[in-house]
$ cat query25.txt   # compact mmCIF, C-alpha atoms and all ligand atoms
# COMPACT_ATOMS: atom_id res chain seq x y z
CA MET L 1 25.31 -0.52 31.41
CA THR L 2 28.61 1.40 31.05
CA PRO L 3 27.54 5.06 30.73
CA ASP L 4 29.92 6.06 27.92
CA LEU L 5 28.86 3.49 25.32
CA ASP L 6 27.83 4.84 21.94
CA PRO L 7 24.05 4.68 21.28
CA SER L 8 24.71 2.28 18.37
CA THR L 9 26.16 -0.15 20.93
CA VAL L 10 23.46 0.51 23.55
CA VAL L 11 20.74 -0.30 20.99
CA VAL L 12 22.24 -3.78 20.59
CA HIS L 13 23.05 -4.62 24.21
CA ALA L 14 20.53 -2.90 26.53
CA GLY L 15 17.56 -4.81 27.96
CA ARG L 16 19.23 -8.26 27.82
CA PRO L 17 18.79 -10.98 30.46
CA GLU L 18 21.52 -11.30 33.09
CA ARG L 19 24.50 -13.32 31.79
CA VAL L 20 24.32 -16.41 33.98
CA PRO L 21 24.87 -19.99 32.81
CA ASN L 22 22.01 -21.25 30.64
CA ALA L 23 20.37 -17.83 30.41
CA PRO L 24 18.96 -16.96 26.97
CA VAL L 25 20.80 -14.19 25.10
CA GLY L 26 17.64 -12.16 24.54
CA GLU L 27 14.29 -11.72 26.29
CA SER L 28 11.25 -13.68 25.07
CA PRO L 29 7.57 -12.71 25.00
CA VAL L 30 5.60 -14.22 27.87
CA PHE L 31 2.17 -15.42 26.81
CA SER L 32 0.24 -15.22 30.06
CA SER L 33 -2.73 -13.06 30.97
CA THR L 34 -1.91 -13.29 34.66
CA TYR L 35 0.83 -14.30 37.13
CA VAL L 36 0.92 -16.45 40.25
CA ALA L 37 0.14 -14.30 43.29
CA GLY L 38 2.83 -13.04 45.66
CA GLY L 39 4.93 -10.94 43.23
CA ASP L 40 4.72 -7.30 42.14
CA ARG L 41 3.43 -7.89 38.62
CA GLY L 42 -0.02 -9.25 39.35
CA TYR L 43 -1.78 -9.17 35.99
CA GLY L 44 -1.02 -9.09 32.26
CA ARG L 45 -2.22 -5.49 31.88
CA PHE L 46 0.49 -4.36 34.33
CA GLY L 47 3.64 -5.94 32.89
CA ASN L 48 5.31 -8.42 30.57
CA ASP L 49 8.98 -9.42 30.20
CA ALA L 50 8.93 -8.44 26.53
CA TRP L 51 7.73 -4.91 27.44
CA THR L 52 10.38 -4.62 30.14
CA ALA L 53 13.23 -5.51 27.77
CA LEU L 54 12.02 -3.03 25.15
CA GLU L 55 11.39 -0.34 27.78
CA GLU L 56 14.85 -0.78 29.31
CA THR L 57 16.43 -0.37 25.89
CA LEU L 58 14.40 2.72 24.93
CA GLY L 59 14.91 4.20 28.40
CA GLU L 60 18.65 3.81 28.18
CA LEU L 61 18.77 5.35 24.70
CA GLU L 62 16.65 8.39 25.61
CA GLY L 63 17.96 8.87 29.15
CA GLY L 64 14.81 8.07 31.14
CA ARG L 65 12.26 5.33 31.91
CA ALA L 66 10.00 4.10 29.13
CA LEU L 67 6.44 2.80 28.92
CA THR L 68 5.24 1.00 25.79
CA PHE L 69 1.72 1.23 24.37
CA ALA L 70 -0.48 -0.49 21.80
CA SER L 71 0.32 2.18 19.17
CA GLY L 72 1.84 5.62 18.83
CA MET L 73 -1.65 7.10 19.10
CA ALA L 74 -2.27 5.17 22.36
CA ALA L 75 0.93 6.70 23.75
CA ALA L 76 -0.13 10.18 22.54
CA ALA L 77 -3.63 9.76 24.02
CA ALA L 78 -2.18 8.81 27.43
CA LEU L 79 -0.06 12.00 27.38
CA ILE L 80 -2.96 14.21 26.26
CA ASP L 81 -4.98 12.72 29.13
CA LEU L 82 -2.46 14.36 31.52
CA ILE L 83 -3.87 17.79 30.56
CA PRO L 84 -6.33 18.90 33.26
CA VAL L 85 -9.98 19.32 32.21
CA GLY L 86 -10.33 22.78 30.67
CA GLY L 87 -6.54 23.06 30.31
CA ARG L 88 -4.67 24.39 27.30
CA VAL L 89 -2.15 22.76 24.99
CA VAL L 90 0.11 24.52 22.50
CA ALA L 91 0.59 22.30 19.46
CA PRO L 92 2.33 22.65 16.09
CA GLN L 93 0.34 23.86 13.09
CA HIS L 94 1.89 20.95 11.16
CA ALA L 95 2.47 17.63 12.92
CA TYR L 96 1.23 14.04 12.70
CA SER L 97 -2.37 14.44 11.56
CA GLY L 98 -3.75 11.82 13.98
CA VAL L 99 -2.46 13.71 17.03
CA LEU L 100 -3.79 17.04 15.72
CA ALA L 101 -7.18 15.43 14.96
CA LEU L 102 -7.36 13.97 18.48
CA LEU L 103 -6.62 17.39 19.99
CA ASP L 104 -9.30 18.97 17.78
CA GLN L 105 -11.84 16.33 18.81
CA GLN L 106 -11.11 16.97 22.49
CA ALA L 107 -11.30 20.73 21.96
CA ALA L 108 -14.69 20.29 20.22
CA THR L 109 -16.10 18.53 23.31
CA GLY L 110 -14.74 21.25 25.63
CA ARG L 111 -12.32 18.82 27.29
CA LEU L 112 -9.34 21.13 26.52
CA LYS L 113 -8.23 24.14 24.47
CA VAL L 114 -5.69 24.01 21.66
CA ASP L 115 -3.49 26.81 20.30
CA ARG L 116 -1.70 25.94 17.09
CA VAL L 117 1.59 27.66 16.26
CA ASP L 118 4.27 27.40 13.59
CA ILE L 119 6.64 25.30 15.71
CA ALA L 120 9.66 26.54 13.73
CA ASP L 121 8.76 30.10 14.82
CA THR L 122 10.33 30.06 18.29
CA ASP L 123 9.05 33.51 19.32
CA ALA L 124 5.44 32.62 18.45
CA ALA L 125 5.65 29.32 20.34
CA VAL L 126 7.26 30.93 23.39
CA GLN L 127 4.52 33.58 23.51
CA ALA L 128 1.75 31.02 23.19
CA VAL L 129 3.09 28.77 25.95
CA ASP L 130 2.57 31.38 28.66
CA GLY L 131 -0.14 29.92 30.93
CA ALA L 132 -0.42 26.63 28.97
CA ASP L 133 -0.52 23.19 30.59
CA MET L 134 1.27 21.30 27.81
CA LEU L 135 3.61 22.15 24.95
CA TRP L 136 3.47 19.52 22.21
CA ILE L 137 6.53 19.58 19.96
CA GLU L 138 7.24 17.43 16.93
CA SER L 139 10.61 17.80 15.16
CA PRO L 140 11.17 17.31 12.33
CA THR L 141 7.44 17.68 11.66
CA ASN L 142 5.38 15.19 9.67
CA PRO L 143 5.20 15.84 6.72
CA ALA L 144 6.34 19.51 6.38
CA MET L 145 9.86 18.69 7.70
CA GLU L 146 10.03 21.85 9.85
CA VAL L 147 12.60 21.83 12.64
CA ALA L 148 11.73 23.19 16.11
CA ASP L 149 14.36 24.69 18.40
CA ILE L 150 13.90 22.03 21.10
CA PRO L 151 16.28 23.47 23.75
CA ALA L 152 14.72 26.97 23.51
CA LEU L 153 11.12 25.71 23.48
CA ALA L 154 11.72 23.21 26.28
CA ALA L 155 13.24 25.90 28.49
CA ALA L 156 10.33 28.30 27.80
CA GLY L 157 7.73 25.57 28.30
CA ARG L 158 9.16 24.42 31.59
CA ALA L 159 9.55 28.01 32.83
CA ALA L 160 5.85 28.51 32.05
CA GLY L 161 4.96 25.37 34.03
CA ALA L 162 3.84 23.40 30.96
CA THR L 163 4.66 19.72 30.44
CA VAL L 164 6.97 19.64 27.40
CA VAL L 165 6.37 16.68 25.09
CA VAL L 166 8.45 15.87 21.99
CA ASP L 167 7.20 13.43 19.36
CA ASN L 168 10.60 11.99 18.36
CA THR L 169 9.30 9.50 15.76
CA PHE L 170 11.09 10.99 12.72
CA ALA L 171 14.47 11.41 14.43
CA THR L 172 14.57 8.16 16.44
CA PRO L 173 16.47 7.94 19.76
CA LEU L 174 19.70 7.50 17.82
CA LEU L 175 19.60 10.91 16.11
CA GLN L 176 17.91 13.07 18.77
CA GLN L 177 17.42 12.73 22.53
CA PRO L 178 14.88 15.38 23.58
CA LEU L 179 15.12 14.67 27.34
CA ARG L 180 18.79 15.67 27.12
CA LEU L 181 17.64 18.84 25.31
CA GLY L 182 15.32 19.76 28.20
CA ALA L 183 11.96 18.12 27.36
CA ASP L 184 9.88 16.38 30.05
CA VAL L 185 8.56 13.49 27.94
CA VAL L 186 9.47 11.87 24.63
CA MET L 187 6.86 10.05 22.55
CA HIS L 188 7.45 7.55 19.73
CA SER L 189 5.41 5.77 17.17
CA ALA L 190 7.58 2.65 17.47
CA THR L 191 5.58 1.37 14.51
CA LYS L 192 8.02 3.33 12.36
CA PHE L 193 11.85 3.26 12.60
CA ILE L 194 12.08 1.55 16.00
CA ALA L 195 10.31 -1.64 14.90
CA GLY L 196 11.44 -0.88 11.35
CA HIS L 197 9.84 -3.64 9.28
CA SER L 198 6.26 -2.43 8.69
CA ASP L 199 4.90 -5.46 10.53
CA VAL L 200 3.82 -4.14 13.92
CA LEU L 201 2.03 -1.19 15.56
CA LEU L 202 3.48 0.03 18.84
CA GLY L 203 4.01 3.24 20.81
CA ALA L 204 6.30 4.40 23.59
CA VAL L 205 6.87 7.29 25.96
CA VAL L 206 10.06 8.01 27.92
CA THR L 207 10.53 10.40 30.85
CA ALA L 208 13.17 10.93 33.54
CA ASP L 209 10.53 12.36 35.93
CA ASP L 210 9.27 9.62 38.30
CA GLU L 211 6.01 11.41 39.11
CA LEU L 212 5.22 11.84 35.44
CA TRP L 213 6.18 8.22 34.76
CA SER L 214 3.73 7.03 37.44
CA ALA L 215 0.94 9.24 36.08
CA ILE L 216 1.46 7.78 32.59
CA ASP L 217 1.73 4.22 33.93
CA LEU L 218 -1.59 4.73 35.74
CA ARG L 219 -3.17 5.74 32.42
CA ARG L 220 -1.79 2.71 30.63
CA ARG L 221 -3.14 0.44 33.38
CA SER L 222 -6.56 2.06 33.47
CA LEU L 223 -7.11 2.96 29.80
CA GLY L 224 -5.74 -0.45 28.86
CA ALA L 225 -3.96 0.41 25.59
CA ILE L 226 -1.21 -2.13 26.27
CA PRO L 227 1.06 -3.72 23.65
CA GLY L 228 0.78 -7.43 22.98
CA PRO L 229 3.86 -9.40 24.10
CA MET L 230 4.51 -10.56 20.53
CA GLU L 231 4.38 -6.98 19.21
CA ALA L 232 6.77 -5.76 21.92
CA TRP L 233 9.18 -8.58 21.13
CA LEU L 234 9.03 -7.88 17.38
CA ALA L 235 9.72 -4.19 18.02
CA LEU L 236 12.71 -5.03 20.22
CA ARG L 237 14.05 -7.43 17.62
CA GLY L 238 13.71 -4.69 15.00
CA LEU L 239 15.26 -2.07 17.28
CA ARG L 240 18.50 -4.08 17.57
CA THR L 241 19.42 -3.17 13.97
CA LEU L 242 18.26 0.47 14.07
CA ALA L 243 21.77 1.93 13.84
CA LEU L 244 22.61 -0.02 10.69
CA ARG L 245 19.22 0.52 9.04
CA LEU L 246 19.32 4.23 9.74
CA GLU L 247 22.86 4.65 8.45
CA ARG L 248 21.89 3.23 5.06
CA ALA L 249 18.44 4.86 4.89
CA GLN L 250 19.85 8.25 5.85
CA SER L 251 22.61 8.19 3.26
CA ASN L 252 20.01 7.11 0.66
CA ALA L 253 17.81 10.06 1.71
CA ALA L 254 20.67 12.56 1.35
CA PHE L 255 21.46 11.17 -2.12
CA LEU L 256 17.81 11.34 -3.23
CA ALA L 257 17.37 14.88 -1.86
CA GLU L 258 20.22 16.07 -4.12
CA ARG L 259 18.90 14.17 -7.14
CA LEU L 260 15.35 15.45 -6.66
CA ARG L 261 16.57 19.01 -6.33
CA GLU L 262 18.12 18.82 -9.79
CA HIS L 263 14.99 17.32 -11.40
CA PRO L 264 13.13 19.80 -13.66
CA ARG L 265 9.65 18.80 -12.39
CA VAL L 266 10.52 19.29 -8.72
CA SER L 267 9.83 22.79 -7.35
CA ARG L 268 10.91 22.24 -3.75
CA VAL L 269 12.69 19.59 -1.67
CA ARG L 270 12.22 19.58 2.09
CA TYR L 271 15.08 17.81 3.88
CA PRO L 272 17.00 19.34 6.82
CA GLY L 273 20.16 17.68 5.52
CA LEU L 274 20.27 20.08 2.56
CA PRO L 275 22.59 22.98 3.55
CA ASP L 276 20.07 25.63 2.40
CA ASP L 277 17.03 24.02 4.07
CA PRO L 278 15.42 26.44 6.58
CA GLY L 279 15.84 23.84 9.38
CA HIS L 280 19.41 22.84 8.52
CA ASP L 281 21.39 24.76 11.17
CA ARG L 282 18.95 23.90 13.96
CA ALA L 283 18.90 20.23 13.00
CA ALA L 284 22.71 20.17 12.81
CA ALA L 285 22.85 21.61 16.35
CA GLN L 286 20.39 19.25 18.04
CA MET L 287 20.50 16.05 15.94
CA SER L 288 23.38 13.71 15.11
CA GLY L 289 21.97 13.06 11.63
CA PHE L 290 19.17 14.34 9.40
CA GLY L 291 17.11 11.16 9.18
CA ALA L 292 15.51 9.22 6.35
CA ILE L 293 12.30 11.16 5.67
CA LEU L 294 11.98 13.91 3.08
CA ALA L 295 9.26 15.59 1.08
CA PHE L 296 9.09 17.28 -2.30
CA GLU L 297 6.61 19.29 -4.33
CA LEU L 298 5.75 19.50 -8.03
CA GLY L 299 4.98 23.19 -8.50
CA GLY L 300 1.33 22.85 -7.45
CA ASP L 301 0.55 19.86 -9.69
CA ALA L 302 -1.50 17.69 -7.28
CA ALA L 303 -2.78 15.35 -10.01
CA GLY L 304 0.78 14.92 -11.26
CA ALA L 305 1.97 14.14 -7.73
CA GLN L 306 -0.77 11.56 -7.29
CA ASN L 307 0.26 10.03 -10.61
CA VAL L 308 3.92 9.81 -9.52
CA CYS L 309 2.83 7.89 -6.41
CA GLU L 310 0.79 5.50 -8.53
CA SER L 311 3.60 5.00 -11.08
CA THR L 312 6.40 3.58 -8.94
CA GLU L 313 7.29 -0.10 -9.14
CA LEU L 314 9.89 -0.44 -6.39
CA TRP L 315 8.67 2.25 -3.99
CA VAL L 316 5.55 1.10 -2.14
CA HIS L 317 2.60 3.47 -2.50
CA ALA L 318 1.33 3.38 1.08
CA THR L 319 1.09 5.46 4.20
CA SER L 320 3.44 4.92 7.14
CA LEU L 321 7.21 5.22 7.25
CA GLY L 322 10.41 3.96 8.84
CA GLY L 323 10.41 0.47 7.32
CA VAL L 324 13.29 -1.16 5.44
CA GLU L 325 11.22 -0.81 2.24
CA SER L 326 10.94 2.66 0.68
CA MET L 327 7.43 4.17 0.67
CA LEU L 328 5.83 7.28 -0.74
CA GLU L 329 2.49 9.02 -0.62
CA ARG L 330 0.77 12.31 -1.33
CA ARG L 331 -0.25 13.31 2.17
CA ARG L 332 -3.28 15.39 1.16
CA ARG L 333 -4.98 12.25 -0.17
CA TRP L 334 -6.07 11.95 3.49
CA PRO L 335 -8.99 14.22 4.39
CA ILE L 336 -7.62 14.78 7.92
CA GLU L 337 -4.25 16.10 6.68
CA VAL L 338 -3.76 19.77 7.57
CA PRO L 339 -5.01 21.99 4.67
CA THR L 340 -1.84 24.15 4.71
CA ILE L 341 0.19 21.08 3.63
CA PRO L 342 0.54 21.57 -0.15
CA GLU L 343 -1.74 19.37 -2.29
CA ASP L 344 1.25 18.29 -4.39
CA LEU L 345 3.56 17.39 -1.48
CA ILE L 346 4.90 13.83 -1.66
CA ARG L 347 6.43 12.37 1.49
CA LEU L 348 9.23 9.85 1.01
CA SER L 349 10.17 7.30 3.64
CA VAL L 350 13.54 6.12 2.40
CA GLY L 351 14.45 2.49 3.03
CA ILE L 352 17.65 0.48 2.81
CA GLU L 353 17.60 -0.58 -0.86
CA HIS L 354 20.40 0.40 -3.25
CA PRO L 355 20.25 4.18 -3.90
CA ASP L 356 20.59 3.79 -7.68
CA ASP L 357 17.56 1.49 -7.82
CA LEU L 358 15.52 3.93 -5.71
CA TRP L 359 16.44 6.88 -7.90
CA ALA L 360 15.87 4.99 -11.17
CA ASP L 361 12.33 4.10 -10.07
CA LEU L 362 11.54 7.63 -8.85
CA GLU L 363 12.90 9.15 -12.06
CA GLN L 364 10.80 6.72 -14.09
CA ALA L 365 7.69 7.64 -12.05
CA LEU L 366 8.42 11.37 -12.44
CA SER L 367 8.36 11.04 -16.21
CA ALA L 368 5.34 8.69 -16.36
CA GLY L 369 2.19 10.24 -17.84
CA ILE L 370 3.73 13.55 -18.97
C1 LIG J 1 2.71 7.36 12.75
C2 LIG J 1 2.95 8.49 13.67
C3 LIG J 1 2.23 8.59 14.87
C4 LIG J 1 1.12 7.62 15.25
O1 LIG J 1 1.62 6.35 15.55
P1 LIG J 1 0.80 4.97 15.31
O2 LIG J 1 1.80 3.95 15.74
O3 LIG J 1 0.45 4.93 13.87
O4 LIG J 1 -0.39 5.02 16.18
C5 LIG J 1 2.52 9.66 15.71
N1 LIG J 1 3.47 10.57 15.39
C6 LIG J 1 4.17 10.50 14.23
C7 LIG J 1 5.20 11.54 13.92
C8 LIG J 1 3.94 9.46 13.33
O5 LIG J 1 4.62 9.41 12.18
$ encode --input "query25.txt" --output "structure tokens" --more "lines below"
Ligand SMILES: *Cc1c(COP(=O)(O)O)cnc(C)c1O
Amino acid sequence: MTPDLDPSTVVVHAGRPERVPNAPVGESPVFSSTYVAGGDRGYGRFGNDAWTALEETLGELEGGRALTFASGMAAAAALIDLIPVGGRVVAPQHAYSGVLALLDQQAATGRLKVDRVDIADTDAAVQAVDGADMLWIESPTNPAMEVADIPALAAAGRAAGATVVVDNTFATPLLQQPLRLGADVVMHSATKFIAGHSDVLLGAVVTADDELWSAIDLRRRSLGAIPGPMEAWLALRGLRTLALRLERAQSNAAFLAERLREHPRVSRVRYPGLPDDPGHDRAAAQMSGFGAILAFELGGDAAGAQNVCESTELWVHATSLGGVESMLERRRRWPIEVPTIPEDLIRLSVGIEHPDDLWADLEQALSAGI
């Protein structure tokens, strides 16, 4: 595709069938476990047209070649499997709890070593990466909303010989392209904004390094965490409208961040789009928007925060994020959430509803039961 197209155009047009008479406009899922011999595909665990279309689109957006997986965790597990036995990974203190739990489990068996650092503290991360095999970055982090200096960390990680991974789930490929900032591999939970409708689980990795791509492809083939063709097709169908969804969700998030900040019960709002947020300048330098996730705290009142989550009518009280419908939850209701995440922190995944309706419901929930 023409190299100078805006990402909001690429997201619509990449990964389409060739325009020849009678060709369909979009790719379809192929429901076949195997293929007639003589071609390069061979078997259903090695390829599907619906994966290819989604992978071409994600690859073009991120500036590399993509591989899709059964879930974000399947994609993360394939990357963690790249670490040599006995190797060391530097990971954020706060990041998606499932990834941190998987690293802890592998450390407990002796498979690898983990050093956790405050990923917003560039000096600490740079020091820790010396001699490491992998640097795992997430930015903004889930759910603390910290922003890592991706260009500085990627340069330090690569200089130290570590594979630099960025979990780009919160930013999406439209707001942040870590390969262009120096990372080796990007990972996505496509379950979230990419698919965008809370109806499918899917993961993806993207890299511009052919050797790394082959090593990850080998893991997908042999570990077998492949996406179903229907799931890949649903994710691609959702991805086509990402630019529009994100535009609305992001402006809703900015509006809600300001409203929450003025609310007397709210002690802290975490959103890099706020000019005085600790991650604001970094996010402004490396992202083209601040995204649609934010978090806020209620001055230590965990029971009150739980009550807010249980008092909304429009907002869905559920885990997960990135769907068209707004969702909220108190992250510490999960036993595996990192204990340094405040007990009263509520994560908001802002959807595409009307901002006034979203605020009215939140305001109503904030005054319920007090
Ligand atoms: C949800 C999430 C994951 C895990 O993805 P699944 O699709 O749920 O397996 C990984 N990283 C981040 C930042 C997430 O939000």
$ residues_near_ligand --input "query25.txt" --ligand "ligand LIG 1 (chain J)" --cutoff "10 Å" --atoms "only C-alpha atoms and all ligand atoms" --output "PyMOL selection string"
chain L and resi 69-77+95-100+138-143+166-171+187-193+200-204+319-322
$ closest_residue --input "query25.txt" --among "L:Tyr43, L:Arg270, L:Gln286, L:Ser251" --to "Asp356 of chain L" --atoms "all atoms listed in the file"
L:Ser251
$ atom_distance --input "query25.txt" --atom1 "atom CA of Thr207 of chain L" --atom2 "atom CA of Leu67 of chain L"
8.8 Å
$ atom_distance --input "query25.txt" --atom1 "atom CA of Leu345 of chain L" --atom2 "atom CA of Ser267 of chain L"
10.1 Å
$ residues_around --input "query25.txt" --residues "Glu310 of chain L" --least-positions-apart "2" --cutoff "12 Å" --atoms "only C-alpha atoms" --output "PyMOL selection string"
chain L and resi 303-308+312-318+327-330+346+361-362+364-366+368-369
$ write_last_selection --input "query25.txt" --atoms "C-alpha atoms" --output "PDB file, keeping the file's coordinate frame"
ATOM      1  CA  ALA L 303      -2.780  15.350 -10.010  1.00  0.00           C
ATOM      2  CA  GLY L 304       0.780  14.920 -11.260  1.00  0.00           C
ATOM      3  CA  ALA L 305       1.970  14.140  -7.730  1.00  0.00           C
ATOM      4  CA  GLN L 306      -0.770  11.560  -7.290  1.00  0.00           C
ATOM      5  CA  ASN L 307       0.260  10.030 -10.610  1.00  0.00           C
ATOM      6  CA  VAL L 308       3.920   9.810  -9.520  1.00  0.00           C
ATOM      7  CA  THR L 312       6.400   3.580  -8.940  1.00  0.00           C
ATOM      8  CA  GLU L 313       7.290  -0.100  -9.140  1.00  0.00           C
ATOM      9  CA  LEU L 314       9.890  -0.440  -6.390  1.00  0.00           C
ATOM     10  CA  TRP L 315       8.670   2.250  -3.990  1.00  0.00           C
ATOM     11  CA  VAL L 316       5.550   1.100  -2.140  1.00  0.00           C
ATOM     12  CA  HIS L 317       2.600   3.470  -2.500  1.00  0.00           C
ATOM     13  CA  ALA L 318       1.330   3.380   1.080  1.00  0.00           C
ATOM     14  CA  MET L 327       7.430   4.170   0.670  1.00  0.00           C
ATOM     15  CA  LEU L 328       5.830   7.280  -0.740  1.00  0.00           C
ATOM     16  CA  GLU L 329       2.490   9.020  -0.620  1.00  0.00           C
ATOM     17  CA  ARG L 330       0.770  12.310  -1.330  1.00  0.00           C
ATOM     18  CA  ILE L 346       4.900  13.830  -1.660  1.00  0.00           C
ATOM     19  CA  ASP L 361      12.330   4.100 -10.070  1.00  0.00           C
ATOM     20  CA  LEU L 362      11.540   7.630  -8.850  1.00  0.00           C
ATOM     21  CA  GLN L 364      10.800   6.720 -14.090  1.00  0.00           C
ATOM     22  CA  ALA L 365       7.690   7.640 -12.050  1.00  0.00           C
ATOM     23  CA  LEU L 366       8.420  11.370 -12.440  1.00  0.00           C
ATOM     24  CA  ALA L 368       5.340   8.690 -16.360  1.00  0.00           C
ATOM     25  CA  GLY L 369       2.190  10.240 -17.840  1.00  0.00           C
TER      26      GLY L 369
END
$ atom_distance --input "query25.txt" --atom1 "atom CA of Gly47 of chain L" --atom2 "atom CA of Glu18 of chain L"
18.7 Å
$ residues_around --input "query25.txt" --residues "segment 49-52 of chain L" --least-positions-apart "3" --cutoff "8 Å" --atoms "all atoms listed in the file" --output "PyMOL selection string"
chain L and resi 15+27-30+55-56+67-68+227+229-230+232-233
$ closest_atom_pairs --input "query25.txt" --of "segment 232-344 of chain L" --to "segment 114-135 of chain L" --cutoff "10 Å" --atoms "all atoms listed in the file" --output "JSON lines"
{"residue": "L:Pro278", "atom": "CA", "partner": "L:Ala120", "partner_atom": "CA", "distance": 9.2}
{"residue": "L:Gly279", "atom": "CA", "partner": "L:Ala120", "partner_atom": "CA", "distance": 8.0}
{"residue": "L:Arg282", "atom": "CA", "partner": "L:Ala120", "partner_atom": "CA", "distance": 9.7}
$ residues_around --input "query25.txt" --residues "Gln177 of chain L" --least-positions-apart "3" --cutoff "9 Å" --atoms "all atoms listed in the file" --output "list in words"
Leu61, Glu62, Gly63, Asn168, Ala171, Thr172, Pro173, Leu174, Arg180, Leu181, Val186, Gln286 and Met287 of chain L
$ closest_residue --input "query25.txt" --among "L:Ala208, L:Leu244, L:Ala108, L:Leu298" --to "Pro264 of chain L" --atoms "only C-alpha atoms"
L:Leu298
$ residues_around --input "query25.txt" --residues "Ala155 of chain L" --least-positions-apart "6" --cutoff "9 Å" --atoms "all atoms listed in the file" --output "PyMOL selection string"
chain L and resi 164+181-183
$ closest_residue --input "query25.txt" --among "L:Glu60, L:Val206, L:Ala148, L:Arg41" --to "Leu5 of chain L" --atoms "only C-alpha atoms"
L:Glu60
$ closest_residue --input "query25.txt" --among "L:Ala257, L:Cys309, L:Ala162, L:Val20" --to "Val350 of chain L" --atoms "all atoms listed in the file"
L:Ala257
$ closest_residue --input "query25.txt" --among "L:Ile293, L:Ile370, L:Ala243, L:Ala14" --to "Leu175 of chain L" --atoms "only C-alpha atoms"
L:Ala243
$ residues_near_point --input "query25.txt" --point "(-7.2, 21.8, 25.4)" --cutoff "9 Å" --atoms "only C-alpha atoms" --output "count of residues only"
21
$ closest_residue --input "query25.txt" --among "L:Phe31, L:Trp359, L:Phe46, L:Trp136" --to "Arg259 of chain L" --atoms "all atoms listed in the file"
L:Trp359
